[in-house]
file run-v7.txt (compact mmCIF, C-alpha atoms)
# COMPACT_ATOMS: atom_id res chain seq x y z
CA MET A 27 -28.08 21.39 7.67
CA GLN A 28 -27.19 19.44 10.79
CA GLU A 29 -23.58 18.31 11.11
CA PRO A 30 -23.29 14.55 10.59
CA VAL A 31 -22.38 12.25 13.44
CA ARG A 32 -18.84 10.95 12.85
CA ALA A 33 -18.01 7.30 13.37
CA ALA A 34 -15.30 4.88 12.30
CA GLY A 35 -14.78 1.16 12.02
CA GLY A 36 -12.93 -1.63 10.31
CA VAL A 37 -13.26 -4.55 7.97
CA LEU A 38 -11.13 -6.86 10.09
CA TRP A 39 -9.71 -9.89 8.29
CA ARG A 40 -7.38 -12.81 8.88
CA PRO A 41 -5.83 -15.40 6.54
CA ALA A 42 -7.73 -18.64 6.01
CA GLY A 43 -5.81 -21.01 3.78
CA ASP A 44 -5.71 -19.51 0.31
CA SER A 45 -8.48 -17.05 1.19
CA ILE A 46 -9.48 -14.72 4.03
CA GLU A 47 -12.10 -14.54 6.75
CA ILE A 48 -14.01 -11.40 7.74
CA CYS A 49 -14.99 -10.48 11.29
CA VAL A 50 -18.66 -9.73 12.01
CA VAL A 51 -20.21 -8.84 15.37
CA HIS A 52 -23.67 -9.35 16.84
CA ARG A 53 -25.22 -6.42 18.70
CA PRO A 54 -27.96 -7.71 21.03
CA TYR A 55 -29.48 -4.31 21.72
CA LEU A 56 -30.21 -3.94 17.99
CA GLY A 57 -30.52 -7.61 17.09
CA ASP A 58 -28.26 -7.16 14.06
CA TRP A 59 -24.98 -8.41 12.61
CA SER A 60 -22.57 -5.64 11.75
CA LEU A 61 -18.98 -4.72 11.04
CA PRO A 62 -17.24 -3.35 14.16
CA LYS A 63 -17.64 0.42 14.34
CA GLY A 64 -18.59 3.26 16.67
CA LYS A 65 -18.67 7.01 17.23
CA LEU A 66 -15.59 9.18 17.53
CA ASP A 67 -14.75 10.20 21.07
CA GLY A 68 -14.69 14.02 20.99
CA GLY A 69 -11.79 15.20 18.86
CA GLU A 70 -10.44 11.69 18.35
CA HIS A 71 -8.65 11.02 15.08
CA PRO A 72 -10.90 8.85 12.85
CA LEU A 73 -8.25 6.17 12.36
CA ALA A 74 -7.55 6.00 16.09
CA ALA A 75 -11.30 5.68 16.65
CA ALA A 76 -11.56 2.89 14.08
CA ALA A 77 -8.79 0.91 15.78
CA ARG A 78 -10.25 1.51 19.24
CA GLU A 79 -13.74 0.40 18.20
CA VAL A 80 -12.39 -2.74 16.54
CA LEU A 81 -10.48 -3.64 19.70
CA GLU A 82 -13.41 -2.89 22.02
CA GLU A 83 -15.98 -4.80 19.95
CA THR A 84 -13.88 -7.80 18.86
CA GLY A 85 -11.13 -8.07 21.48
CA LEU A 86 -8.55 -8.04 18.67
CA ARG A 87 -6.11 -5.40 17.55
CA GLY A 88 -6.28 -4.59 13.86
CA GLU A 89 -3.40 -3.17 11.82
CA PRO A 90 -4.78 -0.53 9.41
CA GLN A 91 -3.85 -1.20 5.80
CA LEU A 92 -6.13 0.82 3.52
CA ARG A 93 -8.90 3.39 3.78
CA LEU A 94 -12.14 1.93 2.40
CA PRO A 95 -15.11 3.79 0.88
CA GLU A 96 -16.93 5.99 3.37
CA VAL A 97 -20.44 5.00 4.41
CA ALA A 98 -23.03 7.75 4.81
CA TYR A 99 -26.66 7.40 5.82
CA THR A 100 -29.46 9.06 7.79
CA MET A 101 -30.29 7.66 11.22
CA PRO A 102 -33.92 7.03 12.26
CA ASN A 103 -33.96 10.35 14.12
CA GLY A 104 -33.15 12.17 10.88
CA VAL A 105 -29.53 12.99 11.78
CA PRO A 106 -26.93 12.21 9.07
CA LYS A 107 -24.06 9.91 9.95
CA THR A 108 -20.77 9.16 8.21
CA VAL A 109 -18.53 6.19 8.98
CA ASP A 110 -14.86 6.00 7.98
CA PHE A 111 -13.89 2.39 7.35
CA TRP A 112 -10.42 0.87 7.15
CA LEU A 113 -9.19 -2.50 6.01
CA MET A 114 -7.41 -4.03 9.02
CA ARG A 115 -5.50 -7.24 9.44
CA ALA A 116 -6.27 -8.98 12.74
CA GLU A 117 -3.39 -9.60 15.09
CA ASP A 118 -2.35 -13.20 15.66
CA GLY A 119 -3.53 -14.80 18.88
CA PRO A 120 -6.79 -15.39 20.72
CA GLY A 121 -7.44 -11.79 21.74
CA VAL A 122 -9.65 -10.84 24.68
CA PRO A 123 -13.43 -10.69 25.22
CA PRO A 124 -15.25 -7.61 23.87
CA VAL A 125 -15.39 -4.73 26.36
CA ASP A 126 -19.19 -4.63 26.78
CA PRO A 127 -21.24 -7.84 26.23
CA THR A 128 -24.44 -5.80 26.22
CA GLU A 129 -23.12 -4.05 23.12
CA VAL A 130 -21.48 -7.03 21.38
CA ASP A 131 -22.25 -10.58 22.50
CA ALA A 132 -20.85 -12.61 19.59
CA VAL A 133 -17.80 -12.25 17.34
CA GLU A 134 -17.35 -14.53 14.33
CA PHE A 135 -14.89 -14.85 11.46
CA LEU A 136 -16.62 -15.96 8.27
CA SER A 137 -15.72 -16.41 4.64
CA PRO A 138 -16.57 -13.31 2.58
CA VAL A 139 -19.57 -15.12 1.09
CA ASP A 140 -20.88 -16.14 4.51
CA ALA A 141 -20.14 -12.71 6.00
CA ILE A 142 -22.16 -11.04 3.25
CA ALA A 143 -25.04 -13.41 3.94
CA ARG A 144 -24.87 -12.78 7.69
CA LEU A 145 -24.54 -8.98 7.71
CA THR A 146 -27.76 -7.04 8.23
CA TYR A 147 -27.00 -3.84 6.33
CA PRO A 148 -26.39 -3.38 2.59
CA ASP A 149 -23.56 -0.87 3.16
CA ASP A 150 -21.66 -3.43 5.25
CA ARG A 151 -22.22 -6.10 2.61
CA ARG A 152 -20.90 -3.79 -0.12
CA LEU A 153 -17.76 -3.13 1.90
CA VAL A 154 -17.08 -6.85 2.27
CA GLU A 155 -17.65 -7.33 -1.47
CA HIS A 156 -15.14 -4.52 -2.09
CA VAL A 157 -12.56 -6.11 0.20
CA ALA A 158 -13.05 -9.58 -1.29
CA ALA A 159 -12.24 -8.18 -4.74
CA LEU A 160 -8.96 -6.56 -3.62
CA PRO A 161 -5.62 -8.17 -4.43
CA PRO A 162 -3.62 -9.23 -1.36
CA VAL A 163 -1.89 -6.47 0.58
CA THR A 164 1.83 -7.22 0.75
CA ALA A 165 3.28 -4.00 2.23
CA VAL A 166 2.26 -0.85 4.07
CA THR A 167 4.37 2.31 4.43
CA ALA A 168 3.57 5.64 6.09
CA LEU A 169 4.74 8.98 4.71
CA VAL A 170 4.16 12.10 6.82
CA ARG A 171 4.91 15.78 6.46
CA HIS A 172 6.65 17.43 9.37
CA ALA A 173 4.49 19.23 11.93
CA HIS A 174 4.14 23.01 12.24
CA ALA A 175 7.41 24.75 13.05
CA GLY A 176 6.64 28.47 13.02
CA LYS A 177 7.57 30.73 10.11
CA ARG A 178 10.81 30.44 8.23
CA SER A 179 11.07 34.24 8.07
CA GLU A 180 10.87 34.53 11.85
CA PHE A 181 13.60 31.99 12.64
CA ASP A 182 17.08 33.41 13.10
CA GLY A 183 19.56 30.73 12.16
CA ASN A 184 20.07 27.67 9.98
CA ASP A 185 16.60 26.69 8.75
CA ASN A 186 17.46 23.02 9.15
CA LEU A 187 17.52 23.66 12.90
CA ARG A 188 14.07 25.28 13.08
CA PRO A 189 12.10 23.24 15.69
CA ILE A 190 8.44 22.35 15.76
CA ASP A 191 6.25 24.76 17.75
CA GLU A 192 3.47 24.18 20.27
CA LYS A 193 0.93 23.40 17.57
CA GLY A 194 3.43 21.07 15.95
CA ARG A 195 4.01 19.19 19.18
CA GLY A 196 0.30 18.42 19.39
CA GLU A 197 0.30 17.26 15.77
CA ALA A 198 3.35 15.07 16.41
CA GLU A 199 1.62 13.42 19.37
CA THR A 200 -1.45 12.65 17.24
CA LEU A 201 0.70 11.27 14.43
CA GLY A 202 2.61 9.18 16.94
CA LEU A 203 -0.62 7.53 18.10
CA VAL A 204 -2.11 7.04 14.66
CA VAL A 205 0.98 5.85 12.81
CA SER A 206 1.91 3.44 15.62
CA LEU A 207 -1.20 1.49 14.68
CA ILE A 208 0.48 0.14 11.52
CA ASN A 209 3.15 -1.41 13.78
CA PRO A 210 6.22 0.08 12.06
CA ARG A 211 9.67 -1.49 12.27
CA ARG A 212 11.80 1.38 10.88
CA LEU A 213 11.64 5.19 11.17
CA PHE A 214 13.29 7.64 8.78
CA ALA A 215 13.37 11.44 8.86
CA ALA A 216 14.58 14.04 6.37
CA THR A 217 17.57 16.10 7.52
CA PRO A 218 15.74 19.13 9.05
CA LEU A 219 15.30 18.94 12.82
CA ARG A 220 11.53 19.44 12.53
CA CYS A 221 11.22 16.22 10.51
CA LYS A 222 12.96 14.24 13.24
CA GLN A 223 10.99 15.93 16.02
CA THR A 224 7.73 15.02 14.27
CA LEU A 225 8.61 11.33 14.66
CA GLU A 226 9.83 11.52 18.25
CA PRO A 227 6.46 10.70 19.90
CA LEU A 228 6.13 7.73 17.52
CA SER A 229 9.69 6.67 18.32
CA ALA A 230 8.88 6.74 22.04
CA ARG A 231 5.71 4.68 21.51
CA VAL A 232 7.28 1.92 19.44
CA GLY A 233 10.79 1.96 20.89
CA LEU A 234 12.61 2.51 17.60
CA PRO A 235 15.44 4.89 16.66
CA ILE A 236 14.96 7.59 14.03
CA VAL A 237 17.40 7.34 11.13
CA THR A 238 18.21 10.51 9.17
CA ASP A 239 17.64 10.05 5.44
CA SER A 240 18.42 12.92 3.07
CA ALA A 241 16.39 11.29 0.28
CA PHE A 242 13.26 12.82 1.82
CA ALA A 243 14.62 16.38 2.23
CA GLU A 244 13.78 19.36 0.05
CA PRO A 245 16.64 20.74 -2.06
CA VAL A 246 17.87 24.26 -1.38
CA ASP A 247 17.42 25.18 -5.06
CA THR A 248 13.78 24.84 -6.14
CA ASP A 249 14.96 24.00 -9.67
CA GLU A 250 16.24 20.74 -8.23
CA VAL A 251 12.85 19.66 -6.83
CA PRO A 252 11.94 17.39 -9.80
CA ALA A 253 15.22 15.49 -9.46
CA LYS A 254 14.82 15.21 -5.68
CA VAL A 255 11.27 13.91 -6.14
CA LYS A 256 12.65 11.03 -8.20
CA VAL A 257 15.19 10.24 -5.48
CA GLY A 258 12.50 10.25 -2.79
CA ALA A 259 10.12 8.08 -4.81
CA ALA A 260 12.88 5.56 -5.48
CA ARG A 261 13.67 5.47 -1.76
CA LEU A 262 10.01 4.76 -0.94
CA LEU A 263 10.15 1.80 -3.29
CA GLU A 264 13.19 0.52 -1.42
CA LEU A 265 11.40 0.92 1.91
CA ARG A 266 8.38 -0.96 0.56
CA ASP A 267 10.49 -4.05 0.06
CA GLY A 268 11.85 -4.15 3.62
CA ASP A 269 10.40 -4.09 7.13
CA ARG A 270 7.42 -1.77 7.62
CA ALA A 271 8.65 1.83 7.55
CA VAL A 272 7.60 5.40 8.29
CA ALA A 273 9.23 8.39 6.61
CA SER A 274 8.98 12.04 7.62
CA SER A 275 9.46 14.43 4.71
CA GLN A 276 8.69 17.97 3.48
CA GLY A 277 5.92 19.74 1.61
CA LYS A 278 7.72 20.57 -1.63
CA VAL A 279 8.63 16.98 -2.43
CA ILE A 280 5.80 14.84 -1.01
CA PRO A 281 3.20 15.68 -3.73
CA GLY A 282 5.63 14.95 -6.52
CA MET A 283 6.79 11.68 -4.97
CA LEU A 284 3.23 10.40 -4.62
CA ALA A 285 2.23 11.56 -8.10
CA LEU A 286 5.26 9.78 -9.54
CA LEU A 287 4.43 6.56 -7.69
CA GLU A 288 0.84 6.69 -8.96
CA ASP A 289 1.96 7.71 -12.46
CA ALA A 290 -0.27 10.79 -12.13
CA PRO A 291 0.43 13.92 -14.21
CA ASP A 292 -0.64 16.45 -11.56
CA PRO A 293 0.88 16.55 -8.05
CA GLU A 294 -1.77 19.00 -6.80
CA PRO A 295 -4.14 16.33 -5.35
CA TYR A 296 -1.28 15.05 -3.20
CA LYS A 297 -0.62 18.28 -1.33
CA THR A 298 -0.18 17.38 2.33
CA PRO A 299 -0.89 19.78 5.22
CA LYS A 300 1.76 19.96 7.93
CA GLY A 301 1.36 17.36 10.63
CA THR A 302 -0.59 14.95 8.39
CA GLY A 303 0.36 12.20 6.00
CA TRP A 304 -0.48 9.10 4.03
CA ILE A 305 -0.54 5.35 4.27
CA LEU A 306 0.79 3.72 1.11
CA THR A 307 -0.66 0.28 0.48
CA TRP A 308 1.06 -2.14 -1.86
CA SER A 309 0.16 -5.40 -3.55
CA GLY A 310 3.46 -6.65 -4.89
CA GLU A 311 4.83 -3.84 -7.05
CA ARG A 312 1.40 -2.27 -7.52
CA LEU A 313 0.47 0.76 -5.42
CA LEU A 314 -2.97 -0.35 -4.33
CA GLY A 315 -3.97 2.86 -2.59
CA LEU A 316 -2.97 6.13 -0.92
CA SER A 317 -4.93 6.81 2.26
CA ARG A 318 -4.83 10.21 3.96
CA ILE A 319 -4.26 10.20 7.69
call {"tool": "encode", "arguments": {"input": "run-v7.txt", "output": "structure tokens"}}
result
Amino acid sequence: MQEPVRAAGGVLWRPAGDSIEICVVHRPYLGDWSLPKGKLDGGEHPLAAAAREVLEETGLRGEPQLRLPEVAYTMPNGVPKTVDFWLMRAEDGPGVPPVDPTEVDAVEFLSPVDAIARLTYPDDRRLVEHVAALPPVTAVTALVRHAHAGKRSEFDGNDNLRPIDEKGRGEAETLGLVVSLINPRRLFAATPLRCKQTLEPLSARVGLPIVTDSAFAEPVDTDEVPAKVKVGAARLLELRDGDRAVASSQGKVIPGMLALLEDAPDPEPYKTPKGTGWILTWSGERLLGLSRI
């Protein structure tokens, strides 16, 4: 079976009184009205691609808030295509013209009802219906696992001082780009050096210091993991209620923290590979969604 073409896009919204407006774009070469989206550029991260396409097609930056249902279909040439969509809040301000007027020649913000009526494709309309039914997003937090740092058994010294390796540096750069899109205001890292180093590219991008926070560190004694998970989950709740934050943590505690926040009995689905993470989306005190990044 042929590998699907990968694309990404956004349901870009802005406040409109007590409601919201959704951004739709007109593509003259197809004669359709669509949500902003486009193909990934080589090995581009899907979320980075979604933000880039939204900016290029609408002239507005969008802050990612929540991963939306994936769209999959077969193109006229028989090749399958998948599109990762994200809910994005439009930045304030007038923006700039779309990059290529032959690709997008009109950008409009419409009420959800009017956007659904205007959009050409059923998948786009279903996404807008999904977004219109969501409660308001009130907070977004990012939680990442430190990047690769070699093998514990091969490091001679205090394990808290084990640095990220070459692979980890690449992962940290990617995380720095992707997580900067949520426009964080605070950065926190568990006590091991590798957790801090994972956030350093992000720190450089957004001009923020990294604060060490032991709440996100693994305990030395594995029997203490359940108690440490409760501490970390409570700290995430505290971060939710302040300025937008990013936390860098470790693999033994992240699954349990997320399972506890979702009131889920099994932490297994929340296992997080090194150098990846999650966006936590809140509506008041309700955890609206966990989106892998």
call {"tool": "residues_around", "arguments": {"input": "run-v7.txt", "residues": "Arg318 in chain A", "least_positions_apart": "3", "cutoff": "7 Å", "atoms": "all atoms listed in the file", "output": "ChimeraX atom specification"}}
result
/A:303-305
call {"tool": "write_last_selection", "arguments": {"input": "run-v7.txt", "atoms": "C-alpha atoms", "output": "short mmCIF file (atom, residue, chain, number, x, y, z; two decimals), in the coordinates of the input"}}
result
data_model
loop_
_atom_site.label_atom_id
_atom_site.label_comp_id
_atom_site.auth_asym_id
_atom_site.auth_seq_id
_atom_site.Cartn_x
_atom_site.Cartn_y
_atom_site.Cartn_z
CA GLY A 303 0.36 12.20 6.00
CA TRP A 304 -0.48 9.10 4.03
CA ILE A 305 -0.54 5.35 4.27
#
call {"tool": "closest_residue", "arguments": {"input": "run-v7.txt", "among": "A:Thr217, A:Ser45, A:Thr100, A:Ser60", "to": "Thr84 in chain A", "atoms": "only C-alpha atoms"}}
result
A:Ser60
call {"tool": "closest_residue", "arguments": {"input": "run-v7.txt", "among": "A:Ala158, A:Leu203, A:Ala216, A:Thr307", "to": "Ile142 in chain A", "atoms": "all atoms listed in the file"}}
result
A:Ala158
call {"tool": "residues_around", "arguments": {"input": "run-v7.txt", "residues": "Lys278 in chain A", "least_positions_apart": "5", "cutoff": "12 Å", "atoms": "all atoms listed in the file", "output": "PDB file with C-alpha atoms, in the coordinates of the input"}}
result
ATOM      1  CA  ARG A 171       4.910  15.780   6.460  1.00  0.00           C
ATOM      2  CA  HIS A 172       6.650  17.430   9.370  1.00  0.00           C
ATOM      3  CA  PHE A 242      13.260  12.820   1.820  1.00  0.00           C
ATOM      4  CA  ALA A 243      14.620  16.380   2.230  1.00  0.00           C
ATOM      5  CA  GLU A 244      13.780  19.360   0.050  1.00  0.00           C
ATOM      6  CA  PRO A 245      16.640  20.740  -2.060  1.00  0.00           C
ATOM      7  CA  VAL A 246      17.870  24.260  -1.380  1.00  0.00           C
ATOM      8  CA  ASP A 247      17.420  25.180  -5.060  1.00  0.00           C
ATOM      9  CA  THR A 248      13.780  24.840  -6.140  1.00  0.00           C
ATOM     10  CA  ASP A 249      14.960  24.000  -9.670  1.00  0.00           C
ATOM     11  CA  GLU A 250      16.240  20.740  -8.230  1.00  0.00           C
ATOM     12  CA  VAL A 251      12.850  19.660  -6.830  1.00  0.00           C
ATOM     13  CA  PRO A 252      11.940  17.390  -9.800  1.00  0.00           C
ATOM     14  CA  ALA A 253      15.220  15.490  -9.460  1.00  0.00           C
ATOM     15  CA  LYS A 254      14.820  15.210  -5.680  1.00  0.00           C
ATOM     16  CA  VAL A 255      11.270  13.910  -6.140  1.00  0.00           C
ATOM     17  CA  GLY A 258      12.500  10.250  -2.790  1.00  0.00           C
ATOM     18  CA  MET A 283       6.790  11.680  -4.970  1.00  0.00           C
ATOM     19  CA  LEU A 284       3.230  10.400  -4.620  1.00  0.00           C
ATOM     20  CA  PRO A 293       0.880  16.550  -8.050  1.00  0.00           C
ATOM     21  CA  GLU A 294      -1.770  19.000  -6.800  1.00  0.00           C
ATOM     22  CA  TYR A 296      -1.280  15.050  -3.200  1.00  0.00           C
ATOM     23  CA  LYS A 297      -0.620  18.280  -1.330  1.00  0.00           C
ATOM     24  CA  THR A 298      -0.180  17.380   2.330  1.00  0.00           C
ATOM     25  CA  PRO A 299      -0.890  19.780   5.220  1.00  0.00           C
ATOM     26  CA  LYS A 300       1.760  19.960   7.930  1.00  0.00           C
TER      27      LYS A 300
END
call {"tool": "closest_residue", "arguments": {"input": "run-v7.txt", "among": "A:Leu73, A:Thr302, A:Met101, A:Ala159", "to": "Gly194 in chain A", "atoms": "only C-alpha atoms"}}
result
A:Thr302
